[in-house]
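Shown here: start23.cif, mmCIF, C-alpha atoms.
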data_protein
#
loop_
_atom_site.group_PDB
_atom_site.id
_atom_site.type_symbol
_atom_site.label_atom_id
_atom_site.label_comp_id
_atom_site.auth_asym_id
_atom_site.auth_seq_id
_atom_site.Cartn_x
_atom_site.Cartn_y
_atom_site.Cartn_z
ATOM 1 C CA MET Q 1118 45.446 -33.077 -0.182
ATOM 2 C CA ILE Q 1119 43.037 -35.128 -2.252
ATOM 3 C CA GLY Q 1120 42.173 -33.233 -5.393
ATOM 4 C CA MET Q 1121 39.986 -33.864 -8.401
ATOM 5 C CA ALA Q 1122 42.935 -34.818 -10.605
ATOM 6 C CA GLY Q 1123 43.745 -38.317 -9.447
ATOM 7 C CA GLY Q 1124 43.599 -38.310 -5.675
ATOM 8 C CA TRP Q 1125 44.502 -41.486 -3.830
ATOM 9 C CA ARG Q 1126 42.892 -43.867 -6.295
ATOM 10 C CA GLY Q 1127 44.991 -43.095 -9.324
ATOM 11 C CA GLY Q 1128 48.126 -41.273 -10.169
ATOM 12 C CA HIS Q 1129 51.110 -41.381 -7.858
ATOM 13 C CA LEU Q 1130 49.929 -43.939 -5.285
ATOM 14 C CA GLY Q 1131 48.963 -46.480 -7.932
ATOM 15 C CA ARG Q 1132 52.338 -46.108 -9.655
ATOM 16 C CA ARG Q 1133 54.171 -46.432 -6.328
ATOM 17 C CA THR Q 1134 52.324 -49.642 -5.449
ATOM 18 C CA ALA Q 1135 52.891 -51.110 -8.908
ATOM 19 C CA SER Q 1136 56.599 -50.247 -8.850
ATOM 20 C CA SER Q 1137 57.148 -51.805 -5.414
ATOM 21 C CA LEU Q 1138 55.423 -55.078 -6.347
ATOM 22 C CA PRO Q 1139 58.493 -56.550 -8.148
ATOM 23 C CA ILE Q 1140 60.658 -55.679 -5.148
ATOM 24 C CA VAL Q 1141 58.268 -57.414 -2.747
ATOM 25 C CA LEU Q 1142 58.123 -60.466 -5.028
ATOM 26 C CA ALA Q 1143 61.931 -60.594 -5.254
ATOM 27 C CA ILE Q 1144 62.205 -60.477 -1.450
ATOM 28 C CA LEU Q 1145 59.664 -63.295 -1.116
ATOM 29 C CA VAL Q 1146 61.542 -65.443 -3.656
ATOM 30 C CA LEU Q 1147 64.874 -64.877 -1.895
ATOM 31 C CA ALA Q 1148 63.343 -65.682 1.486
ATOM 32 C CA GLY Q 1149 61.810 -68.862 0.062
ATOM 33 C CA CYS Q 1150 65.133 -69.925 -1.439
ATOM 34 C CA SER Q 1151 66.944 -69.439 1.851
ATOM 35 C CA VAL Q 1152 64.355 -71.569 3.662
ATOM 36 C CA VAL Q 1153 64.719 -74.360 1.085
ATOM 37 C CA GLU Q 1154 68.514 -74.044 0.927
ATOM 38 C CA ARG Q 1155 69.097 -74.519 4.660
ATOM 39 C CA PRO Q 1156 68.206 -78.258 4.864
ATOM 40 C CA ALA Q 1157 70.049 -78.962 1.602
ATOM 41 C CA SER Q 1158 73.139 -77.208 2.948
ATOM 42 C CA ARG Q 1159 72.965 -79.235 6.151
ATOM 43 C CA ARG Q 1160 72.679 -82.514 4.210
ATOM 44 C CA LEU Q 1161 75.641 -81.548 2.018
ATOM 45 C CA ARG Q 1162 77.747 -80.656 5.057
ATOM 46 C CA ASP Q 1163 76.865 -83.987 6.693
ATOM 47 C CA GLU Q 1164 77.733 -85.914 3.521
ATOM 48 C CA ILE Q 1165 81.109 -84.154 3.218
ATOM 49 C CA ALA Q 1166 81.837 -84.972 6.869
ATOM 50 C CA ARG Q 1167 80.937 -88.630 6.214
ATOM 51 C CA ILE Q 1168 83.250 -88.784 3.174
ATOM 52 C CA ARG Q 1169 86.062 -87.090 5.093
ATOM 53 C CA ALA Q 1170 85.621 -89.489 8.039
ATOM 54 C CA ALA Q 1171 85.864 -92.442 5.647
ATOM 55 C CA GLY Q 1172 89.239 -91.127 4.443
ATOM 56 C CA GLU Q 1173 88.085 -90.529 0.877
ATOM 57 C CA PRO Q 1174 89.647 -87.681 -1.131
ATOM 58 C CA LEU Q 1175 87.574 -84.514 -1.386
ATOM 59 C CA THR Q 1176 89.633 -82.515 -3.896
ATOM 60 C CA PHE Q 1177 91.435 -83.352 -7.110
ATOM 61 C CA GLU Q 1178 94.759 -82.648 -5.382
ATOM 62 C CA GLU Q 1179 93.935 -85.184 -2.660
ATOM 63 C CA LEU Q 1180 92.882 -87.665 -5.340
ATOM 64 C CA ARG Q 1181 96.113 -87.201 -7.302
ATOM 65 C CA ALA Q 1182 98.205 -87.445 -4.134
ATOM 66 C CA GLY Q 1183 96.675 -90.859 -3.408
ATOM 67 C CA GLN Q 1184 97.465 -92.314 -6.849
ATOM 68 C CA SER Q 1185 100.668 -94.042 -7.759
ATOM 69 C CA ALA Q 1186 102.625 -93.011 -10.875
ATOM 70 C CA GLY Q 1187 101.254 -95.958 -12.859
ATOM 71 C CA GLU Q 1188 97.617 -95.065 -12.102
ATOM 72 C CA ALA Q 1189 97.842 -91.457 -13.291
#
Could you spell out this file's structure in structure tokens?
Amino acid sequence: MIGMAGGWRGGHLGRRTASSLPIVLAILVLAGCSVVERPASRRLRDEIARIRAAGEPLTFEELRAGQSAGEA
């Protein structure tokens, strides 16, 4: 029922719209980040595969295992 005290233009509907705006913005930001992150993740995965294929160490343990006692 639309009454004289507020109706659809003010009051509850306006507060509901204003309170949902930050949630909508947060969802848009997260969606944007996931779109941007996907190509970066793919490039990182490809680079790690290239390093692994070259036989280079990927962790500190692998690096230490490849050093001789005099190099450490």
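Distance-wise, atom CA of Ala1171 of chain Q and atom CA of Gly1183 of chain Q end up 14.2 Å apart.
Atom to atom, atom CA of Glu1179 of chain Q and atom CA of Ile1165 of chain Q stand 14.1 Å apart.
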Exercise for the section: Report the distance between atom CA of Leu1161 of chain Q and atom CA of Glu1173 of chain Q in Å, rounded to one decimal place. Expected result: 15.4 Å
Atom completion result for segment 1149-1183 of chain Q (N, CA and C atoms) as a PDB file, in the coordinates of the input:
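Saved as rebuild-v6.pdb:
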ATOM      1  N   GLY Q1149      62.180 -67.471   0.314  1.00  0.00           N
ATOM      2  CA  GLY Q1149      61.810 -68.862   0.062  1.00  0.00           C
ATOM      3  C   GLY Q1149      63.014 -69.718  -0.276  1.00  0.00           C
ATOM      4  N   CYS Q1150      63.920 -69.175  -1.079  1.00  0.00           N
ATOM      5  CA  CYS Q1150      65.133 -69.925  -1.439  1.00  0.00           C
ATOM      6  C   CYS Q1150      66.004 -70.189  -0.224  1.00  0.00           C
ATOM      7  N   SER Q1151      66.109 -69.227   0.667  1.00  0.00           N
ATOM      8  CA  SER Q1151      66.944 -69.439   1.851  1.00  0.00           C
ATOM      9  C   SER Q1151      66.338 -70.487   2.773  1.00  0.00           C
ATOM     10  N   VAL Q1152      65.015 -70.552   2.832  1.00  0.00           N
ATOM     11  CA  VAL Q1152      64.355 -71.569   3.662  1.00  0.00           C
ATOM     12  C   VAL Q1152      64.586 -72.956   3.076  1.00  0.00           C
ATOM     13  N   VAL Q1153      64.522 -73.077   1.755  1.00  0.00           N
ATOM     14  CA  VAL Q1153      64.719 -74.360   1.085  1.00  0.00           C
ATOM     15  C   VAL Q1153      66.192 -74.758   1.114  1.00  0.00           C
ATOM     16  N   GLU Q1154      67.081 -73.770   1.009  1.00  0.00           N
ATOM     17  CA  GLU Q1154      68.514 -74.044   0.927  1.00  0.00           C
ATOM     18  C   GLU Q1154      69.094 -74.560   2.246  1.00  0.00           C
ATOM     19  N   ARG Q1155      68.535 -74.152   3.355  1.00  0.00           N
ATOM     20  CA  ARG Q1155      69.097 -74.519   4.660  1.00  0.00           C
ATOM     21  C   ARG Q1155      69.170 -76.034   4.881  1.00  0.00           C
ATOM     22  N   PRO Q1156      68.095 -76.805   4.677  1.00  0.00           N
ATOM     23  CA  PRO Q1156      68.206 -78.258   4.864  1.00  0.00           C
ATOM     24  C   PRO Q1156      69.149 -78.901   3.851  1.00  0.00           C
ATOM     25  N   ALA Q1157      69.154 -78.406   2.620  1.00  0.00           N
ATOM     26  CA  ALA Q1157      70.049 -78.962   1.602  1.00  0.00           C
ATOM     27  C   ALA Q1157      71.503 -78.710   1.986  1.00  0.00           C
ATOM     28  N   SER Q1158      71.785 -77.534   2.514  1.00  0.00           N
ATOM     29  CA  SER Q1158      73.139 -77.208   2.948  1.00  0.00           C
ATOM     30  C   SER Q1158      73.564 -78.107   4.100  1.00  0.00           C
ATOM     31  N   ARG Q1159      72.659 -78.358   5.012  1.00  0.00           N
ATOM     32  CA  ARG Q1159      72.965 -79.235   6.151  1.00  0.00           C
ATOM     33  C   ARG Q1159      73.256 -80.658   5.680  1.00  0.00           C
ATOM     34  N   ARG Q1160      72.448 -81.154   4.736  1.00  0.00           N
ATOM     35  CA  ARG Q1160      72.679 -82.514   4.210  1.00  0.00           C
ATOM     36  C   ARG Q1160      74.020 -82.594   3.488  1.00  0.00           C
ATOM     37  N   LEU Q1161      74.364 -81.559   2.726  1.00  0.00           N
ATOM     38  CA  LEU Q1161      75.641 -81.548   2.018  1.00  0.00           C
ATOM     39  C   LEU Q1161      76.807 -81.527   2.998  1.00  0.00           C
ATOM     40  N   ARG Q1162      76.700 -80.713   4.046  1.00  0.00           N
ATOM     41  CA  ARG Q1162      77.747 -80.656   5.057  1.00  0.00           C
ATOM     42  C   ARG Q1162      77.913 -82.007   5.744  1.00  0.00           C
ATOM     43  N   ASP Q1163      76.797 -82.671   6.055  1.00  0.00           N
ATOM     44  CA  ASP Q1163      76.865 -83.987   6.693  1.00  0.00           C
ATOM     45  C   ASP Q1163      77.502 -85.019   5.766  1.00  0.00           C
ATOM     46  N   GLU Q1164      77.163 -84.959   4.484  1.00  0.00           N
ATOM     47  CA  GLU Q1164      77.733 -85.914   3.521  1.00  0.00           C
ATOM     48  C   GLU Q1164      79.240 -85.700   3.364  1.00  0.00           C
ATOM     49  N   ILE Q1165      79.672 -84.446   3.315  1.00  0.00           N
ATOM     50  CA  ILE Q1165      81.109 -84.154   3.218  1.00  0.00           C
ATOM     51  C   ILE Q1165      81.829 -84.653   4.464  1.00  0.00           C
ATOM     52  N   ALA Q1166      81.229 -84.475   5.626  1.00  0.00           N
ATOM     53  CA  ALA Q1166      81.837 -84.972   6.869  1.00  0.00           C
ATOM     54  C   ALA Q1166      81.933 -86.494   6.842  1.00  0.00           C
ATOM     55  N   ARG Q1167      80.907 -87.166   6.304  1.00  0.00           N
ATOM     56  CA  ARG Q1167      80.937 -88.630   6.214  1.00  0.00           C
ATOM     57  C   ARG Q1167      82.048 -89.088   5.271  1.00  0.00           C
ATOM     58  N   ILE Q1168      82.204 -88.425   4.143  1.00  0.00           N
ATOM     59  CA  ILE Q1168      83.250 -88.784   3.174  1.00  0.00           C
ATOM     60  C   ILE Q1168      84.624 -88.543   3.779  1.00  0.00           C
ATOM     61  N   ARG Q1169      84.774 -87.405   4.465  1.00  0.00           N
ATOM     62  CA  ARG Q1169      86.062 -87.090   5.093  1.00  0.00           C
ATOM     63  C   ARG Q1169      86.394 -88.109   6.181  1.00  0.00           C
ATOM     64  N   ALA Q1170      85.389 -88.505   6.972  1.00  0.00           N
ATOM     65  CA  ALA Q1170      85.621 -89.489   8.039  1.00  0.00           C
ATOM     66  C   ALA Q1170      86.005 -90.850   7.477  1.00  0.00           C
ATOM     67  N   ALA Q1171      85.524 -91.163   6.271  1.00  0.00           N
ATOM     68  CA  ALA Q1171      85.864 -92.442   5.647  1.00  0.00           C
ATOM     69  C   ALA Q1171      87.261 -92.411   5.018  1.00  0.00           C
ATOM     70  N   GLY Q1172      87.894 -91.231   5.001  1.00  0.00           N
ATOM     71  CA  GLY Q1172      89.239 -91.127   4.443  1.00  0.00           C
ATOM     72  C   GLY Q1172      89.269 -90.972   2.936  1.00  0.00           C
ATOM     73  N   GLU Q1173      88.142 -90.703   2.330  1.00  0.00           N
ATOM     74  CA  GLU Q1173      88.085 -90.529   0.877  1.00  0.00           C
ATOM     75  C   GLU Q1173      88.587 -89.137   0.500  1.00  0.00           C
ATOM     76  N   PRO Q1174      89.182 -88.998  -0.692  1.00  0.00           N
ATOM     77  CA  PRO Q1174      89.647 -87.681  -1.131  1.00  0.00           C
ATOM     78  C   PRO Q1174      88.464 -86.766  -1.450  1.00  0.00           C
ATOM     79  N   LEU Q1175      88.629 -85.486  -1.129  1.00  0.00           N
ATOM     80  CA  LEU Q1175      87.574 -84.514  -1.386  1.00  0.00           C
ATOM     81  C   LEU Q1175      87.924 -83.538  -2.505  1.00  0.00           C
ATOM     82  N   THR Q1176      89.207 -83.419  -2.826  1.00  0.00           N
ATOM     83  CA  THR Q1176      89.633 -82.515  -3.896  1.00  0.00           C
ATOM     84  C   THR Q1176      90.434 -83.297  -4.922  1.00  0.00           C
ATOM     85  N   PHE Q1177      90.624 -82.699  -6.085  1.00  0.00           N
ATOM     86  CA  PHE Q1177      91.435 -83.352  -7.110  1.00  0.00           C
ATOM     87  C   PHE Q1177      92.885 -83.507  -6.655  1.00  0.00           C
ATOM     88  N   GLU Q1178      93.389 -82.545  -5.893  1.00  0.00           N
ATOM     89  CA  GLU Q1178      94.759 -82.648  -5.382  1.00  0.00           C
ATOM     90  C   GLU Q1178      94.894 -83.840  -4.444  1.00  0.00           C
ATOM     91  N   GLU Q1179      93.904 -84.029  -3.562  1.00  0.00           N
ATOM     92  CA  GLU Q1179      93.935 -85.184  -2.660  1.00  0.00           C
ATOM     93  C   GLU Q1179      93.818 -86.483  -3.450  1.00  0.00           C
ATOM     94  N   LEU Q1180      93.034 -86.478  -4.506  1.00  0.00           N
ATOM     95  CA  LEU Q1180      92.882 -87.665  -5.340  1.00  0.00           C
ATOM     96  C   LEU Q1180      94.185 -88.001  -6.040  1.00  0.00           C
ATOM     97  N   ARG Q1181      94.835 -86.977  -6.614  1.00  0.00           N
ATOM     98  CA  ARG Q1181      96.113 -87.201  -7.302  1.00  0.00           C
ATOM     99  C   ARG Q1181      97.198 -87.645  -6.332  1.00  0.00           C
ATOM    100  N   ALA Q1182      97.196 -87.097  -5.123  1.00  0.00           N
ATOM    101  CA  ALA Q1182      98.205 -87.445  -4.134  1.00  0.00           C
ATOM    102  C   ALA Q1182      98.088 -88.911  -3.719  1.00  0.00           C
ATOM    103  N   GLY Q1183      96.898 -89.462  -3.805  1.00  0.00           N
ATOM    104  CA  GLY Q1183      96.675 -90.859  -3.408  1.00  0.00           C
ATOM    105  C   GLY Q1183      96.971 -91.866  -4.504  1.00  0.00           C
TER     106      GLY Q1183
END
